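For reference, the structure is listed below as structure tokens.
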Amino acid sequence: PPPSSEESLVALRVMRLCRPSFVQQPPLPGAAVSAAASSSGAGGVDDGALLTGWMALPQSFGDIYLGETFSCYISLANVAGFELGAVALKVEVQTQVQRETLANTAAAGADGTPPPPEGLAAGQTLDRIIRYELRDVGIHILICSASYSDREGTRRSFRKFFKFAVQNPLSMKSKTHSLSHSDEILVETQLQNATPHLLFLESVAFSPAAAFSSEPLTGELAGGGAAEGGAAEGGAEGGGVAAPVPAFGSMEYLRPGDTQQYMYRLTPRARPSAGGKPASGLGRMEVIWKGAMGEAGHLQSNLVHRKSAPSRPLDVAVVSAPEAVELEAPFELRCVVTNASSKPRELTARLEAALDRPIVATGALPRSLGLLKPQTSLPFTLSLLPLEPGVHAVSGLQLVDVQTGEAFDVGPLAPLLV
């Protein structure tokens with residue numbers, strides 16, 4: 001469409017600042033290549049194609065990915081034959097979440113004083129370089145607003161909108177595994193290249209929450225014999241080919257669609273207090289990647305949460321246990337029971353008798369623990385006797401609600417070396 005009267009005196013141009021790409025020239029027949037080589041005086045040209053070192057500037061915004069820093073050059077030029085007064089340029093970006101101002105030449109200074117009026121002589125330009133870290137996927141709109149005063153002092157203004165889409169370069173999927181008889185948690189993350197280009201993984205790490213320390217396990221698993229490119233070859237039943245198995249940290253480059261896995265072991269920095277709930281948020285994955293021309297991006301995943309265990313009315317935790325005990329020597333196990341239900345419970349503890357149980361009770365059981373109100377905890381002690389050498393866990397403990405007759409099985413507690 002023809003420019004409006006407001007735009008006829010000034011010209012607004014926007015160009016994305018990004019690295020150039022190589023010019024891709026289709027192959028030429030052998031005779032054409034020889035003629036081109038002889039005319040240019042170049043030697044040693046392949047018969048299949050004529051390769052040049054030319055670079056191409058971007059003709060549009062192109063592919064834009066999450067985690068990159070979007071940079072653009074904005075120029076406001078006076079194309080009138082006279083000076084324009086009080087020229088101002090405001091640049092904003094609108095996402096699906098928020099609207100943010102990136103530059104405003106008419107904004108007041110830090111001390112609140114207005115900026116001096118900026119005149120623009122004929123042929124002069126008002127230039128700005130804008131940088132914006134892309135934190136959201138989806139449609140973004142770059143809004144450029146220009147205003148000025150013409151020769152008669154009339155205030156004029158106009159806007160231009162530039163729409164571009166931000167894509168996710170990497171698909172990240174995380175899952176957690178709680179280790180039995182331990183407070184440690186395994187975090188397994190799968191990265192997949194979702195772009196049509198080659199990506200270089202400069203840095204992949206897990207940033208744990210303050211309550212945890214992290215240890216990477218990927219290096220120990222990388223030597224497991226995964227085939228190059230993340231696919232494990234093998235014959236399935238009936239002569240088929242097994243599904244590709246993601247590699248564990250063995251690839252620095254990901255081709256389009258390539259998948260790679262990383263694993264980390266998280267250890268709590270302190271044991272949770274008796275009856276306290278363990279931290280749910282574990283941390284985030286941090287990935288720094290680069291494209292073929294060196295363009296860089298930084299991705300941070302959403303907060304990884306541990307799997308929420310099914311809620312139980314009663315929860316028993318070991319507070320104190322010896323690391324090793326002697327065979328047929330009595331010892332004590334200090335525990336705490338928490339009433340996570342909404343009603344009071346009068347509890348009795350008992351240990352199921354079994355001839356093949358390696359650890360048995362020596363104290364008086366069943367034993368009354370008393371009344372336990374909702375959302376409160378109660379400590380108790382078990383007196384036990386080991387009868388077999390080896391590593392054994394205390395099992396068979398039951399808590400019985402005297403009023404309702406409900407029996408709650410308590411899982412194996414505190415593996416011990418006998």
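FYI, nothing fancy with the structure tokens labels: chains A, B, ... in order, residues from 1 per chain, ligands from 1 as they appear.
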Residues within 10 Å of region 356-359 of chain A, only C-alpha atoms, excluding chain neighbours under 4 positions, as an MDAnalysis selection string: chainID A and resid 327:328 330 352 384:396 416 418
Grab the residues selected above and save them as an mmCIF file, in the first residue's frame with N, CA and C atoms.
data_model
loop_
_atom_site.group_PDB
_atom_site.id
_atom_site.type_symbol
_atom_site.label_atom_id
_atom_site.label_comp_id
_atom_site.auth_asym_id
_atom_site.auth_seq_id
_atom_site.Cartn_x
_atom_site.Cartn_y
_atom_site.Cartn_z
ATOM 1 N N LEU A 327 25.825 -59.874 64.963
ATOM 2 C CA LEU A 327 24.879 -60.975 64.933
ATOM 3 C C LEU A 327 24.443 -61.339 66.345
ATOM 4 N N GLU A 328 23.122 -61.476 66.540
ATOM 5 C CA GLU A 328 22.490 -61.861 67.808
ATOM 6 C C GLU A 328 22.797 -60.881 68.935
ATOM 7 N N PRO A 330 21.326 -57.337 70.495
ATOM 8 C CA PRO A 330 20.166 -56.439 70.421
ATOM 9 C C PRO A 330 20.594 -55.021 70.055
ATOM 10 N N GLU A 352 5.009 -58.397 62.576
ATOM 11 C CA GLU A 352 4.518 -59.717 62.194
ATOM 12 C C GLU A 352 5.585 -60.778 62.449
ATOM 13 N N LEU A 384 15.271 -54.580 68.540
ATOM 14 C CA LEU A 384 15.363 -55.628 67.536
ATOM 15 C C LEU A 384 16.566 -56.518 67.780
ATOM 16 N N LEU A 385 16.528 -57.705 67.154
ATOM 17 C CA LEU A 385 17.598 -58.684 67.289
ATOM 18 C C LEU A 385 17.887 -59.298 65.921
ATOM 19 N N PRO A 386 19.123 -59.165 65.398
ATOM 20 C CA PRO A 386 19.464 -59.786 64.110
ATOM 21 C C PRO A 386 19.822 -61.258 64.296
ATOM 22 N N LEU A 387 19.279 -62.114 63.412
ATOM 23 C CA LEU A 387 19.502 -63.556 63.525
ATOM 24 C C LEU A 387 20.298 -64.127 62.357
ATOM 25 N N GLU A 388 20.484 -63.375 61.284
ATOM 26 C CA GLU A 388 21.216 -63.872 60.122
ATOM 27 C C GLU A 388 22.214 -62.814 59.652
ATOM 28 N N PRO A 389 23.415 -63.233 59.226
ATOM 29 C CA PRO A 389 24.385 -62.262 58.695
ATOM 30 C C PRO A 389 23.979 -61.795 57.301
ATOM 31 N N GLY A 390 24.505 -60.619 56.907
ATOM 32 C CA GLY A 390 24.210 -60.067 55.590
ATOM 33 C C GLY A 390 23.623 -58.679 55.712
ATOM 34 N N VAL A 391 23.089 -58.196 54.599
ATOM 35 C CA VAL A 391 22.416 -56.893 54.575
ATOM 36 C C VAL A 391 20.915 -57.150 54.585
ATOM 37 N N HIS A 392 20.251 -56.685 55.636
ATOM 38 C CA HIS A 392 18.820 -56.934 55.804
ATOM 39 C C HIS A 392 18.117 -55.640 56.179
ATOM 40 N N ALA A 393 16.861 -55.536 55.772
ATOM 41 C CA ALA A 393 16.017 -54.395 56.140
ATOM 42 C C ALA A 393 14.973 -54.866 57.142
ATOM 43 N N VAL A 394 14.593 -53.958 58.022
ATOM 44 C CA VAL A 394 13.558 -54.268 59.011
ATOM 45 C C VAL A 394 12.219 -54.263 58.288
ATOM 46 N N SER A 395 11.528 -55.368 58.312
ATOM 47 C CA SER A 395 10.251 -55.483 57.602
ATOM 48 C C SER A 395 9.212 -56.117 58.516
ATOM 49 N N GLY A 396 7.958 -56.041 58.090
ATOM 50 C CA GLY A 396 6.871 -56.652 58.844
ATOM 51 C C GLY A 396 6.218 -55.749 59.865
ATOM 52 N N LEU A 416 20.387 -52.758 57.020
ATOM 53 C CA LEU A 416 21.488 -52.831 57.997
ATOM 54 C C LEU A 416 22.456 -53.926 57.599
ATOM 55 N N VAL A 418 24.643 -56.772 58.951
ATOM 56 C CA VAL A 418 24.753 -57.634 60.144
ATOM 57 C C VAL A 418 26.032 -58.424 60.041
#
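The residue that comes closest to Lys163 (chain A), out of A:Asp150, A:Glu92, A:Asp183, A:Glu188 and on the basis of only C-alpha atoms, is A:Glu92.
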Residues at most 7 Å from Val10 (chain A), counting only C-alpha atoms, excluding those fewer than 3 positions away in the same chain, as a ChimeraX atom specification? /A:7,76-80
Go ahead and dump the residues you just picked, C-alpha atoms, as an mmCIF file, in the first residue's frame.
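Wrote selection-v4.cif, looks like this:
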data_model
loop_
_atom_site.group_PDB
_atom_site.id
_atom_site.type_symbol
_atom_site.label_atom_id
_atom_site.label_comp_id
_atom_site.auth_asym_id
_atom_site.auth_seq_id
_atom_site.Cartn_x
_atom_site.Cartn_y
_atom_site.Cartn_z
ATOM 1 C CA GLU A 7 5.129 8.248 6.514
ATOM 2 C CA LEU A 76 14.404 6.334 10.844
ATOM 3 C CA ALA A 77 15.414 8.565 7.895
ATOM 4 C CA ASN A 78 14.269 12.083 7.029
ATOM 5 C CA VAL A 79 13.350 11.911 3.337
ATOM 6 C CA ALA A 80 11.721 15.354 3.327
#
So that I can check the surroundings of Asp315 (chain A), please list as a ChimeraX atom specification every protein, DNA and RNA residue that reaches within 7 Å of it, counting only C-alpha atoms and ignoring chain neighbours fewer than 5 positions away. /A:337-339
With distances taken over only C-alpha atoms, which of A:Ser8, A:Gly281, A:Leu333, A:Leu84 is nearest to Gly153 (chain A)?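 Result for the nearest residue to Gly153 (chain A): A:Leu84.
Taking only C-alpha atoms, the non-local environment of Val93 (chain A) within 7 Å (same-chain residues fewer than 4 positions away omitted) comprises A:Arg99, A:Glu100, A:Thr101, A:His140, A:Ile141, A:Leu142, A:Ile143.
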Write the selection just made, keeping all heavy atoms, as an mmCIF file, in the first residue's frame?
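The resulting file, again_32.cif, is reproduced below:
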data_model
loop_
_atom_site.group_PDB
_atom_site.id
_atom_site.type_symbol
_atom_site.label_atom_id
_atom_site.label_comp_id
_atom_site.auth_asym_id
_atom_site.auth_seq_id
_atom_site.Cartn_x
_atom_site.Cartn_y
_atom_site.Cartn_z
ATOM 1 N N ARG A 99 4.034 -7.225 27.173
ATOM 2 C CA ARG A 99 4.487 -6.204 26.227
ATOM 3 C C ARG A 99 5.598 -5.414 26.903
ATOM 4 O O ARG A 99 5.426 -4.933 28.022
ATOM 5 C CB ARG A 99 3.336 -5.284 25.839
ATOM 6 C CG ARG A 99 3.699 -4.239 24.793
ATOM 7 C CD ARG A 99 2.444 -3.605 24.250
ATOM 8 N NE ARG A 99 2.701 -2.557 23.256
ATOM 9 C CZ ARG A 99 1.784 -2.084 22.435
ATOM 10 N NH1 ARG A 99 0.546 -2.570 22.478
ATOM 11 N NH2 ARG A 99 2.084 -1.134 21.567
ATOM 12 N N GLU A 100 6.741 -5.330 26.235
ATOM 13 C CA GLU A 100 7.933 -4.753 26.850
ATOM 14 C C GLU A 100 8.523 -3.680 25.940
ATOM 15 O O GLU A 100 8.610 -3.855 24.720
ATOM 16 C CB GLU A 100 8.968 -5.853 27.100
ATOM 17 C CG GLU A 100 10.191 -5.414 27.870
ATOM 18 C CD GLU A 100 11.119 -6.570 28.182
ATOM 19 O OE1 GLU A 100 10.681 -7.738 28.060
ATOM 20 O OE2 GLU A 100 12.286 -6.314 28.542
ATOM 21 N N THR A 101 8.919 -2.546 26.548
ATOM 22 C CA THR A 101 9.549 -1.468 25.805
ATOM 23 C C THR A 101 11.053 -1.714 25.727
ATOM 24 O O THR A 101 11.710 -1.891 26.752
ATOM 25 C CB THR A 101 9.273 -0.113 26.473
ATOM 26 O OG1 THR A 101 7.860 0.110 26.515
ATOM 27 C CG2 THR A 101 9.939 1.012 25.707
ATOM 28 N N HIS A 140 5.772 -13.316 18.058
ATOM 29 C CA HIS A 140 6.231 -12.045 18.629
ATOM 30 C C HIS A 140 5.950 -10.939 17.614
ATOM 31 O O HIS A 140 6.022 -11.164 16.404
ATOM 32 C CB HIS A 140 7.736 -12.079 18.927
ATOM 33 C CG HIS A 140 8.110 -12.932 20.092
ATOM 34 N ND1 HIS A 140 7.757 -14.257 20.201
ATOM 35 C CD2 HIS A 140 8.823 -12.643 21.223
ATOM 36 C CE1 HIS A 140 8.225 -14.752 21.330
ATOM 37 N NE2 HIS A 140 8.870 -13.787 21.965
ATOM 38 N N ILE A 141 5.619 -9.766 18.111
ATOM 39 C CA ILE A 141 5.371 -8.615 17.243
ATOM 40 C C ILE A 141 6.286 -7.477 17.682
ATOM 41 O O ILE A 141 6.246 -7.049 18.837
ATOM 42 C CB ILE A 141 3.898 -8.166 17.308
ATOM 43 C CG1 ILE A 141 2.971 -9.323 16.910
ATOM 44 C CG2 ILE A 141 3.666 -6.967 16.396
ATOM 45 C CD1 ILE A 141 1.500 -8.992 17.050
ATOM 46 N N LEU A 142 7.134 -7.030 16.748
ATOM 47 C CA LEU A 142 7.999 -5.874 16.978
ATOM 48 C C LEU A 142 7.228 -4.625 16.555
ATOM 49 O O LEU A 142 6.826 -4.499 15.391
ATOM 50 C CB LEU A 142 9.292 -6.011 16.184
ATOM 51 C CG LEU A 142 10.389 -4.985 16.474
ATOM 52 C CD1 LEU A 142 10.972 -5.199 17.856
ATOM 53 C CD2 LEU A 142 11.488 -5.067 15.425
ATOM 54 N N ILE A 143 6.993 -3.705 17.479
ATOM 55 C CA ILE A 143 6.187 -2.510 17.235
ATOM 56 C C ILE A 143 7.111 -1.294 17.217
ATOM 57 O O ILE A 143 7.769 -1.000 18.222
ATOM 58 C CB ILE A 143 5.102 -2.342 18.314
ATOM 59 C CG1 ILE A 143 4.268 -3.623 18.441
ATOM 60 C CG2 ILE A 143 4.217 -1.143 18.006
ATOM 61 C CD1 ILE A 143 3.327 -3.630 19.618
#
Name the residues of region 86-187 of chain A that come out as strand (DSSP E) in a backbone DSSP run; write them as JSON, numbers by chain. {"A": [86, 87, 88, 89, 90, 91, 92, 93, 94, 99, 100, 101, 102, 103, 104, 125, 126, 127, 128, 129, 130, 131, 132, 133, 138, 139, 140, 141, 142, 143, 144, 145, 146, 147, 148, 149, 155, 156, 157, 158, 159, 160, 161, 162, 163, 164, 165, 166, 167, 170, 171, 172, 173, 174, 175, 176, 177, 178, 185, 186, 187]}
Who sits within 8 Å of Tyr262 (chain A), only C-alpha atoms, same chain under 2 positions skipped, as a PyMOL selection string: chain A and resi 188-190+216-218+248-249+260+264
For the residues in the current selection, export all heavy atoms as a PDB file, in the first residue's frame.
ATOM      1  N   GLU A 188      16.649 -38.087  34.733  1.00  0.00           N
ATOM      2  CA  GLU A 188      17.013 -38.487  33.377  1.00  0.00           C
ATOM      3  C   GLU A 188      16.351 -37.512  32.401  1.00  0.00           C
ATOM      4  O   GLU A 188      15.136 -37.313  32.447  1.00  0.00           O
ATOM      5  CB  GLU A 188      16.546 -39.912  33.098  1.00  0.00           C
ATOM      6  CG  GLU A 188      16.928 -40.435  31.729  1.00  0.00           C
ATOM      7  CD  GLU A 188      16.405 -41.840  31.502  1.00  0.00           C
ATOM      8  OE1 GLU A 188      15.890 -42.451  32.457  1.00  0.00           O
ATOM      9  OE2 GLU A 188      16.497 -42.305  30.354  1.00  0.00           O
ATOM     10  N   THR A 189      17.154 -36.882  31.548  1.00  0.00           N
ATOM     11  CA  THR A 189      16.650 -35.884  30.599  1.00  0.00           C
ATOM     12  C   THR A 189      17.002 -36.298  29.180  1.00  0.00           C
ATOM     13  O   THR A 189      18.128 -36.715  28.906  1.00  0.00           O
ATOM     14  CB  THR A 189      17.231 -34.492  30.889  1.00  0.00           C
ATOM     15  OG1 THR A 189      16.805 -34.074  32.182  1.00  0.00           O
ATOM     16  CG2 THR A 189      16.747 -33.484  29.867  1.00  0.00           C
ATOM     17  N   GLN A 190      16.035 -36.180  28.285  1.00  0.00           N
ATOM     18  CA  GLN A 190      16.228 -36.525  26.878  1.00  0.00           C
ATOM     19  C   GLN A 190      16.164 -35.236  26.051  1.00  0.00           C
ATOM     20  O   GLN A 190      15.200 -34.475  26.139  1.00  0.00           O
ATOM     21  CB  GLN A 190      15.132 -37.490  26.430  1.00  0.00           C
ATOM     22  CG  GLN A 190      15.332 -38.070  25.042  1.00  0.00           C
ATOM     23  CD  GLN A 190      14.271 -39.105  24.717  1.00  0.00           C
ATOM     24  OE1 GLN A 190      13.310 -38.803  24.013  1.00  0.00           O
ATOM     25  NE2 GLN A 190      14.438 -40.304  25.224  1.00  0.00           N
ATOM     26  N   PRO A 216      26.822 -35.656  37.853  1.00  0.00           N
ATOM     27  CA  PRO A 216      26.492 -36.210  36.526  1.00  0.00           C
ATOM     28  C   PRO A 216      26.898 -37.673  36.423  1.00  0.00           C
ATOM     29  O   PRO A 216      27.979 -38.064  36.855  1.00  0.00           O
ATOM     30  CB  PRO A 216      27.286 -35.327  35.572  1.00  0.00           C
ATOM     31  CG  PRO A 216      28.432 -34.801  36.387  1.00  0.00           C
ATOM     32  CD  PRO A 216      27.923 -34.673  37.793  1.00  0.00           C
ATOM     33  N   LEU A 217      26.029 -38.476  35.830  1.00  0.00           N
ATOM     34  CA  LEU A 217      26.306 -39.895  35.604  1.00  0.00           C
ATOM     35  C   LEU A 217      26.437 -40.211  34.124  1.00  0.00           C
ATOM     36  O   LEU A 217      26.690 -41.354  33.766  1.00  0.00           O
ATOM     37  CB  LEU A 217      25.177 -40.760  36.199  1.00  0.00           C
ATOM     38  CG  LEU A 217      24.915 -40.608  37.698  1.00  0.00           C
ATOM     39  CD1 LEU A 217      23.775 -41.518  38.109  1.00  0.00           C
ATOM     40  CD2 LEU A 217      26.168 -40.937  38.502  1.00  0.00           C
ATOM     41  N   THR A 218      26.293 -39.217  33.271  1.00  0.00           N
ATOM     42  CA  THR A 218      26.299 -39.457  31.828  1.00  0.00           C
ATOM     43  C   THR A 218      27.613 -40.038  31.357  1.00  0.00           C
ATOM     44  O   THR A 218      27.644 -40.933  30.515  1.00  0.00           O
ATOM     45  CB  THR A 218      26.014 -38.146  31.083  1.00  0.00           C
ATOM     46  OG1 THR A 218      24.781 -37.603  31.585  1.00  0.00           O
ATOM     47  CG2 THR A 218      25.887 -38.394  29.601  1.00  0.00           C
ATOM     48  N   PHE A 248      23.884 -41.813  25.524  1.00  0.00           N
ATOM     49  CA  PHE A 248      24.098 -41.160  26.803  1.00  0.00           C
ATOM     50  C   PHE A 248      25.333 -40.275  26.700  1.00  0.00           C
ATOM     51  O   PHE A 248      26.458 -40.713  26.912  1.00  0.00           O
ATOM     52  CB  PHE A 248      24.260 -42.185  27.926  1.00  0.00           C
ATOM     53  CG  PHE A 248      22.962 -42.593  28.548  1.00  0.00           C
ATOM     54  CD1 PHE A 248      22.313 -43.727  28.127  1.00  0.00           C
ATOM     55  CD2 PHE A 248      22.384 -41.829  29.551  1.00  0.00           C
ATOM     56  CE1 PHE A 248      21.109 -44.116  28.694  1.00  0.00           C
ATOM     57  CE2 PHE A 248      21.187 -42.201  30.120  1.00  0.00           C
ATOM     58  CZ  PHE A 248      20.546 -43.348  29.690  1.00  0.00           C
ATOM     59  N   GLY A 249      25.132 -39.016  26.307  1.00  0.00           N
ATOM     60  CA  GLY A 249      26.193 -38.023  26.358  1.00  0.00           C
ATOM     61  C   GLY A 249      27.374 -38.264  25.456  1.00  0.00           C
ATOM     62  O   GLY A 249      28.433 -37.705  25.681  1.00  0.00           O
ATOM     63  N   GLN A 260      19.530 -37.474  22.466  1.00  0.00           N
ATOM     64  CA  GLN A 260      20.586 -37.833  23.396  1.00  0.00           C
ATOM     65  C   GLN A 260      20.069 -37.704  24.826  1.00  0.00           C
ATOM     66  O   GLN A 260      19.247 -36.841  25.119  1.00  0.00           O
ATOM     67  CB  GLN A 260      21.804 -36.941  23.200  1.00  0.00           C
ATOM     68  CG  GLN A 260      22.997 -37.348  24.064  1.00  0.00           C
ATOM     69  CD  GLN A 260      24.297 -36.758  23.553  1.00  0.00           C
ATOM     70  OE1 GLN A 260      25.327 -37.374  23.645  1.00  0.00           O
ATOM     71  NE2 GLN A 260      24.268 -35.547  23.016  1.00  0.00           N
ATOM     72  N   TYR A 264      21.585 -37.584  35.993  1.00  0.00           N
ATOM     73  CA  TYR A 264      22.215 -36.945  37.143  1.00  0.00           C
ATOM     74  C   TYR A 264      21.671 -37.578  38.420  1.00  0.00           C
ATOM     75  O   TYR A 264      20.494 -37.966  38.485  1.00  0.00           O
ATOM     76  CB  TYR A 264      21.932 -35.437  37.152  1.00  0.00           C
ATOM     77  CG  TYR A 264      22.409 -34.736  35.908  1.00  0.00           C
ATOM     78  CD1 TYR A 264      21.595 -34.662  34.777  1.00  0.00           C
ATOM     79  CD2 TYR A 264      23.671 -34.171  35.847  1.00  0.00           C
ATOM     80  CE1 TYR A 264      22.023 -34.042  33.617  1.00  0.00           C
ATOM     81  CE2 TYR A 264      24.120 -33.540  34.686  1.00  0.00           C
ATOM     82  CZ  TYR A 264      23.287 -33.489  33.581  1.00  0.00           C
ATOM     83  OH  TYR A 264      23.726 -32.876  32.432  1.00  0.00           O
TER      84      TYR A 264
END
I need the residue nearest Val87 (chain A) from this list: A:Asn104, A:Gln124, A:Thr404, A:Ser149. Use only C-alpha atoms for the distance.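 Once distances to Val87 (chain A) are computed over only C-alpha atoms, the minimum belongs to A:Ser149.
Closest approach to Ser377 (chain A) among A:Asn302, A:Ser145, A:Ser207, A:Ser341 is made by A:Ser341 (distances from only C-alpha atoms).
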Distance of CA of Glu406 (chain A) from CA of Pro313 (chain A), expressed in Å to one decimal place: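 According to the coordinates, CA of Pro313 (chain A) and CA of Glu406 (chain A) are separated by 10.8 Å.
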Between A:Asp136, A:Asp258, A:Glu252, A:Glu118, which residue has the minimum interatomic distance to Gln98 (chain A), considering only C-alpha atoms? A:Asp136
Hey, which of A:Val166, A:Ala414, A:Val304, A:Val137 ends up closest to Pro322 (chain A)? Count only C-alpha atoms.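 The answer is A:Ala414, which sits nearest to Pro322 (chain A).
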